[in-house]
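> Please see the structure below; I have some questions.
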Amino acid sequence: MIAFLITAFSSGWSRPSCAGDGTNQTTAILAGSSASAPKDHPATTKEDLGYDIFAGKTNKIARVHSASAAWVYVIYQGGLGGRKIPRQDLPPELQAQFSYDPIKAADYQKRQAAVVAQQWALAAQQATKARTISGDAAVARLLAQEQGVQQEIENFRIQDVELTKTIERLENLGRYKAAATPKEERQVVRDRMVELKALRDQIQEQMDALPKSKATFDAEVARLQKRDNELQKEIENLRSLPGGHGRDSKAYELQAEQKAVRQRLEALRAQGCRTP
C-alpha cells in the first residue's frame, strides 16, 4: 500500500476535490509548479536606438525629435540634451529608419543655405536702415551743437568788432594807456573764437563720418550753400562801407569762414551721403 502511494505521488496523481470543501485545486503537482508563465501577454521592450559618440562622449539615444533630408535630431537618455546627427553618421539602429540619400541631402542643404542667405540679407538691410536712422539722429544732434557753437562765434565776432572800434577811438584821441584794457579783452575774445572754431571743426568731422540718409545729406548741403550765400552778401556789404580796421577785421573773419564752408561743401559732395 505504501509503495502504491509513493508511485502515485511521484507520477503527479491528485486528489479530486470534494464537493463543498472550497479548494477546487490540485494538492500536489510538483512538475507544474515550475512551469513558465503563459505567453498571451509577453513583456514589452523599449526600442533600441543606439548610441551617439560625439566630442569624446558616448550618449544613449532615447528618442528622435525631428528629421530632415540631411540630419536627424536626437534626444539623449537622462535629459542630457541632444544634437543634430548627419544621416551618414547615424548609428546602425537608426540608419535603417533614416537612410542617407546624398542627392536629397545636397538639395536640402542648398535650399537651407538660400533661406539663410535671404535671412542674413534681410537682417543686414534692417541693420543698415537702423544705422541710417541712428546716423540721422546723431547728425541732427551734432548739427544743433554746431549751430550753437557758430552762434557763440558770431557773438564773439561782434564783441571783437566793437572792441576794435573802441581801441581805434581811444588811440585816435591819444589815450593809448586807456586802450590797453580793451586790447586785452579783444585778445581773450579772439582766443576763445579760435577754440570755438576748433570745436566746430571737430563736430563737422563727426557729422561727415556718420552714415546718413540722402534726405539728411541733401539738407546739409543746402544748409552749407545757404550759409555760403549769406557770407558772400555780408562780405560785399562790408566792402561797400568806408575803410577802417574794424571793417577789415570782420571782412577777414567772414572770408575765413566762407573758405571753411566751401571746403566742407566740396568734401561732402566728394564723399556722397555715406549711406551704408
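Ordered as shown in the C-alpha cells, chains take letters A, B, and onward, while each chain numbers its residues from 1 and ligands are numbered from 1 in the order shown.
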Please, which residues in stretch 69-157 of chain A fall within 8 Å of stretch 201-224 of chain A when counting only C-alpha atoms, and what is the closest atom pair and distance in Å to one decimal for each, ordered by chain then residue number, as JSON lines?


{"residue": "A:Arg131", "atom": "CA", "partner": "A:Pro211", "partner_atom": "CA", "distance": 7.0}
{"residue": "A:Thr132", "atom": "CA", "partner": "A:Lys212", "partner_atom": "CA", "distance": 5.1}
{"residue": "A:Ile133", "atom": "CA", "partner": "A:Lys212", "partner_atom": "CA", "distance": 7.3}
{"residue": "A:Gly135", "atom": "CA", "partner": "A:Pro211", "partner_atom": "CA", "distance": 5.2}
{"residue": "A:Asp136", "atom": "CA", "partner": "A:Lys212", "partner_atom": "CA", "distance": 5.2}
{"residue": "A:Ala138", "atom": "CA", "partner": "A:Met207", "partner_atom": "CA", "distance": 7.8}
{"residue": "A:Val139", "atom": "CA", "partner": "A:Met207", "partner_atom": "CA", "distance": 5.5}
{"residue": "A:Leu142", "atom": "CA", "partner": "A:Ile203", "partner_atom": "CA", "distance": 6.3}
{"residue": "A:Leu143", "atom": "CA", "partner": "A:Met207", "partner_atom": "CA", "distance": 7.8}
{"residue": "A:Gln145", "atom": "CA", "partner": "A:Ile203", "partner_atom": "CA", "distance": 7.7}
{"residue": "A:Glu146", "atom": "CA", "partner": "A:Ile203", "partner_atom": "CA", "distance": 6.4}

> For N, CA and C atoms, I'd like the residues from the last selection saved as a CSV table (one decimal), in the first residue's frame.


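Final output, saved to selection36.csv:
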chain,number,residue,atom,x,y,z
A,131,ARG,N,21.0,101.8,-38.7
A,131,ARG,CA,22.2,102.7,-38.6
A,131,ARG,C,21.9,104.0,-39.3
A,132,THR,N,21.2,104.0,-40.4
A,132,THR,CA,21.0,105.3,-41.1
A,132,THR,C,20.1,106.2,-40.2
A,133,ILE,N,19.0,105.6,-39.6
A,133,ILE,CA,18.1,106.3,-38.8
A,133,ILE,C,18.9,106.9,-37.6
A,135,GLY,N,22.1,107.3,-37.5
A,135,GLY,CA,23.1,108.3,-38.0
A,135,GLY,C,22.4,109.7,-38.2
A,136,ASP,N,21.2,109.6,-38.8
A,136,ASP,CA,20.4,110.9,-39.0
A,136,ASP,C,20.1,111.6,-37.6
A,138,ALA,N,21.9,111.3,-34.9
A,138,ALA,CA,23.2,111.8,-34.4
A,138,ALA,C,23.6,113.0,-35.2
A,139,VAL,N,23.4,113.0,-36.5
A,139,VAL,CA,23.7,114.2,-37.3
A,139,VAL,C,22.9,115.4,-36.8
A,142,LEU,N,24.4,116.7,-33.6
A,142,LEU,CA,25.6,117.4,-33.8
A,142,LEU,C,25.4,118.7,-34.5
A,143,LEU,N,24.4,118.7,-35.4
A,143,LEU,CA,24.1,119.9,-36.1
A,143,LEU,C,23.6,121.0,-35.2
A,145,GLN,N,24.5,121.2,-32.1
A,145,GLN,CA,25.7,121.6,-31.3
A,145,GLN,C,26.5,122.6,-32.2
A,146,GLU,N,26.7,122.3,-33.5
A,146,GLU,CA,27.4,123.1,-34.4
A,146,GLU,C,26.8,124.5,-34.5

> What's around A:Thr166 at 9 Å? Count only C-alpha atoms, leave out sequence neighbours fewer than 5 positions away in its own chain, and write the answer as a list in words.

Val161, Glu171, Ala179 and Pro182 of chain A

> Report as a count of residues only: the residues of stretch 5-244 of chain A with a DSSP assignment of strand (DSSP E), based on the backbone of this structure.

26

> Pick out the residues sitting within 10 Å of A:Asn155, and hand them over as a PyMOL selection string; count only C-alpha atoms, and ignore anything fewer than 5 positions along from it in its own chain.

chain A and resi 149-150+160+189+193

> For those residues, write N, CA and C atoms to a file as a PDB file, in the first residue's frame.


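Saved file out-v1.pdb follows:
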ATOM      1  N   VAL A 149      27.566 126.421 -31.375  1.00  0.00           N
ATOM      2  CA  VAL A 149      28.951 126.901 -31.381  1.00  0.00           C
ATOM      3  C   VAL A 149      29.110 128.063 -32.358  1.00  0.00           C
ATOM      4  N   GLN A 150      28.466 127.939 -33.525  1.00  0.00           N
ATOM      5  CA  GLN A 150      28.557 129.004 -34.524  1.00  0.00           C
ATOM      6  C   GLN A 150      27.944 130.305 -33.996  1.00  0.00           C
ATOM      7  N   ASP A 160      34.385 141.421 -30.863  1.00  0.00           N
ATOM      8  CA  ASP A 160      35.693 141.767 -31.432  1.00  0.00           C
ATOM      9  C   ASP A 160      35.606 143.071 -32.224  1.00  0.00           C
ATOM     10  N   VAL A 189      38.830 137.445 -26.353  1.00  0.00           N
ATOM     11  CA  VAL A 189      37.732 137.117 -27.266  1.00  0.00           C
ATOM     12  C   VAL A 189      38.254 136.338 -28.466  1.00  0.00           C
ATOM     13  N   MET A 193      37.494 132.516 -29.714  1.00  0.00           N
ATOM     14  CA  MET A 193      36.990 132.234 -31.061  1.00  0.00           C
ATOM     15  C   MET A 193      37.796 131.128 -31.729  1.00  0.00           C
TER      16      MET A 193
END

> Just to confirm, what's the straight-line distance from atom CA of A:Val74 to atom CA of A:Leu94 in Å (one decimal)?

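Answer for the atom CA of A:Val74 to atom CA of A:Leu94 separation: 10.2 Å.
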
> What does the distance from atom CA of A:Leu122 to atom CA of A:Gln271 come to in Å, to one decimal?

26.2 Å

> What does the structure give for the distance between atom CA of A:Leu163 and atom CA of A:Glu253, in Å to one decimal?

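Going from atom CA of A:Leu163 over to atom CA of A:Glu253, I get 14.9 Å.
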
> Going by DSSP on the backbone, which bits of stretch 36-247 of chain A are helix (DSSP H, G or I)? Write them as a ChimeraX atom specification, please.

/A:87-89,92-95,102-172,176-209,214-239,245-247

> Could you name the residues that touch stretch 248-252 of chain A at 9 Å or less, counting only C-alpha atoms, but leaving out those on the same chain fewer than 4 positions away, as a PyMOL selection string?

chain A and resi 157-158+160-161+164+234-236+238-239+243-244+256-257

> Please produce a file of those selected residues containing C-alpha atoms, as a PDB file, in the first residue's frame.


ATOM      1  CA  ARG A 157      32.928 138.302 -33.516  1.00  0.00           C
ATOM      2  CA  ILE A 158      30.549 141.175 -32.726  1.00  0.00           C
ATOM      3  CA  ASP A 160      35.693 141.767 -31.432  1.00  0.00           C
ATOM      4  CA  VAL A 161      34.385 144.409 -33.841  1.00  0.00           C
ATOM      5  CA  THR A 164      38.312 147.169 -32.159  1.00  0.00           C
ATOM      6  CA  GLU A 234      27.943 140.168 -45.723  1.00  0.00           C
ATOM      7  CA  ILE A 235      31.382 140.434 -47.312  1.00  0.00           C
ATOM      8  CA  GLU A 236      30.009 142.523 -50.205  1.00  0.00           C
ATOM      9  CA  LEU A 238      31.373 145.366 -45.792  1.00  0.00           C
ATOM     10  CA  ARG A 239      33.270 146.232 -48.916  1.00  0.00           C
ATOM     11  CA  GLY A 243      37.530 151.663 -44.769  1.00  0.00           C
ATOM     12  CA  GLY A 244      38.668 151.009 -41.237  1.00  0.00           C
ATOM     13  CA  ALA A 256      37.940 132.736 -43.487  1.00  0.00           C
ATOM     14  CA  GLU A 257      34.586 131.257 -42.513  1.00  0.00           C
TER      15      GLU A 257
END

> Could you pull the residues within 9 Å of A:Leu265, counting only C-alpha atoms, minus those fewer than 2 positions along the same chain, as a list of chain:residue names?

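That gives A:Glu220, A:Val221, A:Leu224, A:Gln225, A:Ala260, A:Val261, A:Arg262, A:Gln263, A:Ala267, A:Leu268, A:Arg269, A:Ala270.
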
> Extract, using only C-alpha atoms, all DNA, RNA and protein residues at most 10 Å from stretch 102-112 of chain A, discarding same-chain residues fewer than 2 positions from it, and format them as an mmCIF file with all heavy atoms, in the first residue's frame.


data_model
loop_
_atom_site.group_PDB
_atom_site.id
_atom_site.type_symbol
_atom_site.label_atom_id
_atom_site.label_comp_id
_atom_site.auth_asym_id
_atom_site.auth_seq_id
_atom_site.Cartn_x
_atom_site.Cartn_y
_atom_site.Cartn_z
ATOM 1 N N SER A 68 15.330 65.717 -41.094
ATOM 2 C CA SER A 68 15.287 66.328 -42.412
ATOM 3 C C SER A 68 16.015 65.391 -43.375
ATOM 4 O O SER A 68 16.471 64.314 -42.983
ATOM 5 C CB SER A 68 15.973 67.704 -42.393
ATOM 6 O OG SER A 68 17.371 67.551 -42.279
ATOM 7 N N ALA A 69 16.162 65.840 -44.605
ATOM 8 C CA ALA A 69 16.843 65.008 -45.585
ATOM 9 C C ALA A 69 18.334 64.900 -45.300
ATOM 10 O O ALA A 69 19.005 64.009 -45.812
ATOM 11 C CB ALA A 69 16.625 65.567 -46.988
ATOM 12 N N ALA A 70 18.872 65.794 -44.480
ATOM 13 C CA ALA A 70 20.312 65.812 -44.232
ATOM 14 C C ALA A 70 20.684 65.374 -42.818
ATOM 15 O O ALA A 70 21.802 64.916 -42.599
ATOM 16 C CB ALA A 70 20.877 67.210 -44.495
ATOM 17 N N TRP A 71 19.785 65.507 -41.845
ATOM 18 C CA TRP A 71 20.138 65.208 -40.473
ATOM 19 C C TRP A 71 18.948 64.650 -39.697
ATOM 20 O O TRP A 71 17.808 64.728 -40.151
ATOM 21 C CB TRP A 71 20.670 66.455 -39.762
ATOM 22 C CG TRP A 71 19.809 67.689 -39.944
ATOM 23 C CD1 TRP A 71 20.012 68.705 -40.808
ATOM 24 C CD2 TRP A 71 18.576 67.988 -39.265
ATOM 25 N NE1 TRP A 71 19.011 69.643 -40.716
ATOM 26 C CE2 TRP A 71 18.126 69.239 -39.769
ATOM 27 C CE3 TRP A 71 17.830 67.360 -38.275
ATOM 28 C CZ2 TRP A 71 16.945 69.834 -39.327
ATOM 29 C CZ3 TRP A 71 16.662 67.953 -37.828
ATOM 30 C CH2 TRP A 71 16.235 69.183 -38.349
ATOM 31 N N PRO A 86 24.236 64.135 -38.682
ATOM 32 C CA PRO A 86 24.126 63.924 -40.132
ATOM 33 C C PRO A 86 23.681 62.494 -40.415
ATOM 34 O O PRO A 86 24.119 61.551 -39.735
ATOM 35 C CB PRO A 86 25.549 64.187 -40.637
ATOM 36 C CG PRO A 86 26.161 65.076 -39.608
ATOM 37 C CD PRO A 86 25.569 64.626 -38.299
ATOM 38 N N ARG A 87 22.853 62.337 -41.398
ATOM 39 C CA ARG A 87 22.303 60.996 -41.663
ATOM 40 C C ARG A 87 23.389 59.967 -41.939
ATOM 41 O O ARG A 87 23.253 58.795 -41.572
ATOM 42 C CB ARG A 87 21.335 61.068 -42.847
ATOM 43 C CG ARG A 87 20.005 61.719 -42.512
ATOM 44 C CD ARG A 87 18.928 61.268 -43.455
ATOM 45 N NE ARG A 87 17.616 61.800 -43.095
ATOM 46 C CZ ARG A 87 16.471 61.218 -43.399
ATOM 47 N NH1 ARG A 87 16.459 60.088 -44.072
ATOM 48 N NH2 ARG A 87 15.315 61.767 -43.047
ATOM 49 N N GLN A 88 24.466 60.382 -42.590
ATOM 50 C CA GLN A 88 25.529 59.430 -42.895
ATOM 51 C C GLN A 88 26.289 58.994 -41.650
ATOM 52 O O GLN A 88 27.036 58.007 -41.693
ATOM 53 C CB GLN A 88 26.502 60.012 -43.920
ATOM 54 C CG GLN A 88 27.254 61.257 -43.457
ATOM 55 C CD GLN A 88 26.553 62.531 -43.806
ATOM 56 O OE1 GLN A 88 25.320 62.568 -43.853
ATOM 57 N NE2 GLN A 88 27.309 63.585 -44.053
ATOM 58 N N SER A 99 17.495 56.462 -43.813
ATOM 59 C CA SER A 99 18.568 56.191 -44.771
ATOM 60 C C SER A 99 19.135 57.496 -45.325
ATOM 61 O O SER A 99 18.460 58.529 -45.352
ATOM 62 C CB SER A 99 18.047 55.319 -45.914
ATOM 63 O OG SER A 99 16.980 55.988 -46.582
ATOM 64 N N TYR A 100 20.367 57.443 -45.761
ATOM 65 C CA TYR A 100 21.067 58.638 -46.272
ATOM 66 C C TYR A 100 21.048 58.648 -47.790
ATOM 67 O O TYR A 100 21.512 57.726 -48.445
ATOM 68 C CB TYR A 100 22.511 58.650 -45.765
ATOM 69 C CG TYR A 100 23.343 59.762 -46.357
ATOM 70 C CD1 TYR A 100 23.007 61.096 -46.162
ATOM 71 C CD2 TYR A 100 24.479 59.459 -47.115
ATOM 72 C CE1 TYR A 100 23.777 62.114 -46.708
ATOM 73 C CE2 TYR A 100 25.257 60.477 -47.657
ATOM 74 C CZ TYR A 100 24.896 61.802 -47.453
ATOM 75 O OH TYR A 100 25.653 62.805 -47.994
ATOM 76 N N ALA A 114 20.080 78.923 -49.105
ATOM 77 C CA ALA A 114 19.400 80.059 -49.747
ATOM 78 C C ALA A 114 18.507 80.792 -48.751
ATOM 79 O O ALA A 114 18.448 82.026 -48.739
ATOM 80 C CB ALA A 114 18.572 79.557 -50.927
ATOM 81 N N VAL A 115 17.822 80.021 -47.889
ATOM 82 C CA VAL A 115 16.961 80.638 -46.877
ATOM 83 C C VAL A 115 17.792 81.446 -45.892
ATOM 84 O O VAL A 115 17.445 82.581 -45.543
ATOM 85 C CB VAL A 115 16.151 79.551 -46.126
ATOM 86 C CG1 VAL A 115 15.440 80.156 -44.924
ATOM 87 C CG2 VAL A 115 15.148 78.906 -47.065
ATOM 88 N N VAL A 116 18.918 80.868 -45.451
ATOM 89 C CA VAL A 116 19.798 81.570 -44.508
ATOM 90 C C VAL A 116 20.357 82.841 -45.135
ATOM 91 O O VAL A 116 20.407 83.900 -44.498
ATOM 92 C CB VAL A 116 20.935 80.642 -44.048
ATOM 93 C CG1 VAL A 116 21.976 81.418 -43.254
ATOM 94 C CG2 VAL A 116 20.389 79.499 -43.212
ATOM 95 N N ALA A 117 20.770 82.742 -46.409
ATOM 96 C CA ALA A 117 21.313 83.916 -47.102
ATOM 97 C C ALA A 117 20.261 85.017 -47.201
ATOM 98 O O ALA A 117 20.569 86.207 -47.021
ATOM 99 C CB ALA A 117 21.803 83.516 -48.491
ATOM 100 N N GLN A 118 19.028 84.621 -47.471
ATOM 101 C CA GLN A 118 17.941 85.604 -47.557
ATOM 102 C C GLN A 118 17.691 86.247 -46.197
ATOM 103 O O GLN A 118 17.468 87.466 -46.103
ATOM 104 C CB GLN A 118 16.674 84.917 -48.052
ATOM 105 C CG GLN A 118 15.507 85.870 -48.300
ATOM 106 C CD GLN A 118 14.278 85.145 -48.839
ATOM 107 O OE1 GLN A 118 14.240 83.924 -48.857
ATOM 108 N NE2 GLN A 118 13.297 85.893 -49.292
#
